[in-house]
Every structure is written in structure tokens, then in C-alpha cells.
>>> print(open('run37.txt').read())   # compact mmCIF, C-alpha atoms
# COMPACT_ATOMS: atom_id res chain seq x y z
CA MET O 282 40.99 -8.64 -3.92
CA ILE O 283 40.82 -5.72 -1.50
CA LYS O 284 38.13 -3.10 -1.95
CA ILE O 285 38.75 0.33 -0.43
CA LEU O 286 36.08 3.00 -0.18
CA LYS O 287 37.03 6.64 0.49
CA PHE O 288 34.57 9.32 1.55
CA GLY O 289 35.22 13.00 2.18
CA GLY O 290 33.93 16.50 1.57
CA SER O 291 30.24 16.72 0.71
CA SER O 292 29.85 12.93 0.90
CA VAL O 293 30.34 13.28 4.68
CA GLY O 294 29.08 16.85 5.02
CA SER O 295 25.87 16.17 6.93
CA ALA O 296 24.17 13.48 8.97
CA GLU O 297 22.13 12.45 5.92
CA ALA O 298 25.26 12.25 3.76
CA LEU O 299 26.90 10.06 6.41
CA ARG O 300 23.85 7.77 6.38
CA ARG O 301 24.12 7.44 2.59
CA ALA O 302 27.83 6.65 2.89
CA ALA O 303 27.07 4.02 5.54
CA GLY O 304 24.52 2.46 3.19
CA ILE O 305 27.10 2.30 0.41
CA VAL O 306 29.57 0.66 2.80
CA ARG O 307 27.00 -1.94 3.86
CA GLU O 308 26.17 -2.67 0.22
CA GLU O 309 29.72 -2.70 -1.15
CA LEU O 310 31.52 -4.31 1.79
CA PRO O 311 29.10 -6.80 3.38
CA ALA O 312 31.98 -8.99 4.61
CA GLY O 313 34.22 -6.13 5.69
CA GLY O 314 36.91 -4.09 4.02
CA LEU O 315 38.65 -0.78 4.38
CA VAL O 316 36.83 2.54 4.59
CA VAL O 317 38.66 5.86 4.67
CA VAL O 318 36.77 8.93 5.85
CA SER O 319 38.46 12.29 5.52
CA ALA O 320 37.38 15.72 6.73
CA LEU O 321 33.76 16.81 6.68
CA LYS O 322 32.80 19.33 4.01
CA GLY O 323 34.35 22.73 4.73
CA THR O 324 36.65 21.50 7.51
CA THR O 325 39.94 22.00 5.70
CA ASP O 326 38.95 25.51 4.61
CA ARG O 327 37.99 26.46 8.18
CA ILE O 328 41.25 25.11 9.55
CA LEU O 329 43.17 27.17 6.97
CA GLU O 330 41.11 30.27 7.83
CA ALA O 331 41.77 29.77 11.54
CA ALA O 332 45.49 29.35 10.91
CA ALA O 333 45.59 32.48 8.75
CA ALA O 334 43.73 34.49 11.39
CA ALA O 335 46.08 33.25 14.11
CA GLY O 336 49.06 34.05 11.89
CA ARG O 337 47.99 37.66 11.55
CA GLY O 338 47.33 37.87 15.28
CA ASP O 339 43.53 37.86 15.07
CA LEU O 340 42.88 35.44 17.94
CA PRO O 341 39.10 36.11 18.15
CA ALA O 342 38.67 35.21 14.47
CA ALA O 343 40.79 32.07 14.87
CA GLN O 344 38.82 31.02 17.93
CA GLY O 345 35.57 31.72 16.08
CA GLN O 346 36.61 29.40 13.25
CA LEU O 347 37.51 26.65 15.73
CA ALA O 348 34.20 27.09 17.56
CA ALA O 349 32.35 26.84 14.24
CA LEU O 350 34.22 23.60 13.46
CA ARG O 351 33.35 22.15 16.85
CA ASP O 352 29.69 23.15 16.48
CA HIS O 353 29.44 21.71 12.96
CA HIS O 354 30.94 18.37 13.97
CA ALA O 355 28.68 18.19 17.04
CA ALA O 356 25.61 18.92 14.89
CA VAL O 357 26.53 16.24 12.35
CA ALA O 358 27.24 13.72 15.10
>>> encode(input="run37.txt", output="C-alpha cells")
Amino acid sequence: MIKILKFGGSSVGSAEALRRAAGIVREELPAGGLVVVSALKGTTDRILEAAAAAGRGDLPAAQGQLAALRDHHAAVA
């Protein structure tokens, strides 16, 4: 039997949430398995907002969204 765990959104939205997810992985998959981690909470929305801003020619807004994404991921890491 293969067990697959998938985490995304708020379950990987902060450093504490990532720690909880890691604890679940250690408990559920002590001998290994497959873990899928998708985008951090809010990432997809920010990417869409950046794309929309770029599409309407608002480069500063698009760059601001990308900077916010970079800062959020750095803070969580």
C-alpha cells in the first residue's frame, strides 16, 4: 500500500503550520512515502493579482505582488 500526504494552503501558510505538517509526516510515514506540498497560503492569489496587474500594464503593482511573495516565502523559511 502506498500512502500519499498532500499539504497546501493554510496547512503550509506559516513556519508553525509547516512544523505541524512535518510532525504529521513523521507520524504517518515513519518508513517513508510520498508527500506533496503545494503553494503556501495566498500564493496563487498573489500570482493571479500580479499577472492581472501586468496585463493591464501596471508594472509597479505587479512587481509589488512579486516582492510580497518573495518576502512571505523568505519569512516562512
>>> atom_distance(input="run37.txt", atom1="CA of Pro311 in chain O", atom2="CA of Gly290 in chain O")
23.9 Å
>>> residues_around(input="run37.txt", residues="Thr324 in chain O", least_positions_apart="2", cutoff="10 Å", atoms="all atoms listed in the file", output="ChimeraX atom specification")
/O:290,294,319-322,326-330,346-347,349-351,353-354
>>> residues_around(input="run37.txt", residues="Ser292 in chain O", least_positions_apart="6", cutoff="12 Å", atoms="all atoms listed in the file", output="list of chain:residue names")
O:Leu286, O:Ala298, O:Leu299, O:Arg300, O:Arg301, O:Ala302, O:Ala303, O:Gly304, O:Ile305, O:Val317, O:Val318, O:Ser319, O:Ala320, O:Leu321, O:Lys322, O:Gly323
>>> atom_distance(input="run37.txt", atom1="CA of Ile285 in chain O", atom2="CA of Gly314 in chain O")
6.5 Å
>>> atom_distance(input="run37.txt", atom1="CA of Leu310 in chain O", atom2="CA of Thr325 in chain O")
27.9 Å
>>> closest_residue(input="run37.txt", among="O:Glu309, O:Ala348, O:Val316, O:Gly336", to="Gly289 in chain O", atoms="only C-alpha atoms")
O:Val316
>>> closest_residue(input="run37.txt", among="O:Ala358, O:Ala343, O:Ala334, O:Ile283", to="Ala312 in chain O", atoms="only C-alpha atoms")
O:Ile283
